[in-house]
Amino acid sequence: MSDESTPRRSLKGGPSHDALPPVEQHARQYETVRNAHETELIEDYVELIGDLLDHRGEARAADIANRMAVSQATVSKMIRRLNELGLVTSQPYRSLFLTDEGRKMAQTSRGRHDVVLHFLRALGVPDSTARIDAEGMEHHVSDETLAIMQRFTDDHTH
């Protein structure tokens, strides 16, 4: 086992100075990921509800369950949570609606998703793979990285 001062080897055999960042930076990286995990499921639900409202005129729990491949009970629990957070309004046997705060979150999440998706496509990633990858990446990318992805996409698709 090596200590932190011993450089690690890269996959190509040479020393890798990227293998283990300084302790403080490493801690910030993990904290950022933990924070993203806390909000990503909420953002996914709110984004999907917004998409359903925009494209179908309504967002029903059954549609959410089908599109997310989860049970209706799981969706019901999340809808209660979203309601408590002030992101959606709902009535039994009716469509869901986003509050102003929910609509803002949905638009932000959709925008982040689109930047990542278009970036992956600009790199040449096949559409089906890009859609799957973008679904998780959007929650873990900094605003700085998103801006760079957007510039890259703009430079390579026009």
# chains A, B, ... in the order shown; residues from 1 in each chain; ligands from 1
>>> select_by_dssp(residues="chain A", states="helix (DSSP H, G or I)", output="JSON, numbers by chain")
{"A": [23, 24, 25, 26, 27, 28, 29, 30, 31, 32, 33, 34, 35, 36, 37, 38, 39, 40, 41, 42, 43, 44, 45, 46, 47, 48, 49, 50, 51, 52, 53, 54, 55, 56, 61, 62, 63, 64, 65, 66, 67, 68, 72, 73, 74, 75, 76, 77, 78, 79, 80, 81, 82, 83, 84, 100, 101, 102, 103, 104, 105, 106, 107, 108, 109, 110, 111, 112, 113, 114, 115, 116, 117, 118, 119, 120, 121, 122, 123, 127, 128, 129, 130, 131, 132, 133, 134, 135, 136, 137, 143, 144, 145, 146, 147, 148, 149, 150, 151, 152, 153, 154, 155, 156, 157]}
>>> select_by_dssp(residues="segment 86-143 of chain A", states="strand (DSSP E or B)", output="list in words")
Val88, Thr89, Phe97 and Leu98 of chain A
>>> write_last_selection(atoms="N, CA and C atoms", output="CSV table (one decimal), in the first residue's frame")
chain,number,residue,atom,x,y,z
A,88,VAL,N,-45.6,20.4,-6.5
A,88,VAL,CA,-46.8,20.0,-7.3
A,88,VAL,C,-48.1,20.2,-6.4
A,89,THR,N,-49.2,20.2,-7.2
A,89,THR,CA,-50.5,20.2,-6.5
A,89,THR,C,-51.2,19.0,-7.2
A,97,PHE,N,-50.3,19.0,-11.2
A,97,PHE,CA,-49.9,20.3,-11.8
A,97,PHE,C,-48.7,20.7,-11.0
A,98,LEU,N,-47.8,21.5,-11.7
A,98,LEU,CA,-46.6,22.0,-11.1
A,98,LEU,C,-46.9,23.4,-10.5
>>> residues_around(residues="segment 141-148 of chain A", least_positions_apart="5", cutoff="9 Å", atoms="only C-alpha atoms", output="CSV table (one decimal) with N, CA, C and O atoms, in the first residue's frame")
chain,number,residue,atom,x,y,z
A,112,ARG,N,-30.7,21.7,-18.3
A,112,ARG,CA,-29.4,21.0,-18.0
A,112,ARG,C,-29.4,19.7,-18.8
A,112,ARG,O,-28.4,19.3,-19.4
A,115,VAL,N,-28.6,20.3,-22.5
A,115,VAL,CA,-27.2,20.7,-22.8
A,115,VAL,C,-26.4,19.4,-22.8
A,115,VAL,O,-25.6,19.2,-23.7
A,116,VAL,N,-26.5,18.6,-21.8
A,116,VAL,CA,-25.7,17.3,-21.7
A,116,VAL,C,-26.1,16.4,-22.9
A,116,VAL,O,-25.2,15.9,-23.6
A,153,THR,N,-20.8,22.4,-28.0
A,153,THR,CA,-21.9,22.0,-28.8
A,153,THR,C,-22.2,23.0,-29.9
A,153,THR,O,-22.3,22.7,-31.1
>>> atom_distance(atom1="atom CA of His140 of chain A", atom2="atom CA of Asp51 of chain A")
20.8 Å
>>> residues_around(residues="His139 of chain A", least_positions_apart="4", cutoff="9 Å", atoms="only C-alpha atoms", output="JSON, numbers by chain")
{"A": [33, 36, 37, 39, 40, 43, 109, 112, 113, 134, 135]}
>>> residues_around(residues="Gly50 of chain A", least_positions_apart="6", cutoff="8 Å", atoms="only C-alpha atoms", output="VMD selection string")
chain A and resid 59 98 103 106 to 107
>>> write_last_selection(atoms="N, CA, C and O atoms", output="CSV table (one decimal), in the first residue's frame")
chain,number,residue,atom,x,y,z
A,59,ALA,N,-50.5,15.2,-16.6
A,59,ALA,CA,-49.5,14.3,-16.0
A,59,ALA,C,-50.2,13.5,-15.0
A,59,ALA,O,-50.6,14.0,-13.9
A,98,LEU,N,-47.8,21.5,-11.7
A,98,LEU,CA,-46.6,22.0,-11.1
A,98,LEU,C,-46.9,23.4,-10.5
A,98,LEU,O,-47.7,24.2,-11.1
A,103,ARG,N,-42.4,24.4,-11.6
A,103,ARG,CA,-42.2,24.7,-13.0
A,103,ARG,C,-40.8,25.2,-13.2
A,103,ARG,O,-40.1,24.8,-14.2
A,106,ALA,N,-38.5,22.3,-13.0
A,106,ALA,CA,-38.6,21.5,-14.2
A,106,ALA,C,-37.9,22.1,-15.4
A,106,ALA,O,-37.2,21.4,-16.2
A,107,GLN,N,-38.0,23.4,-15.6
A,107,GLN,CA,-37.3,24.1,-16.7
A,107,GLN,C,-35.8,24.1,-16.5
A,107,GLN,O,-35.1,23.8,-17.5
>>> residues_around(residues="Leu117 of chain A", least_positions_apart="6", cutoff="10 Å", atoms="only C-alpha atoms", output="list in words")
Gly111, Val125, Asp127, Thr129, Ala130, Arg131, Ile132, Asp133, Ala134, Glu135, Met137, Glu138, Met149 and Thr153 of chain A
>>> atom_distance(atom1="atom CA of Ile79 of chain A", atom2="atom CA of Asp114 of chain A")
24.4 Å
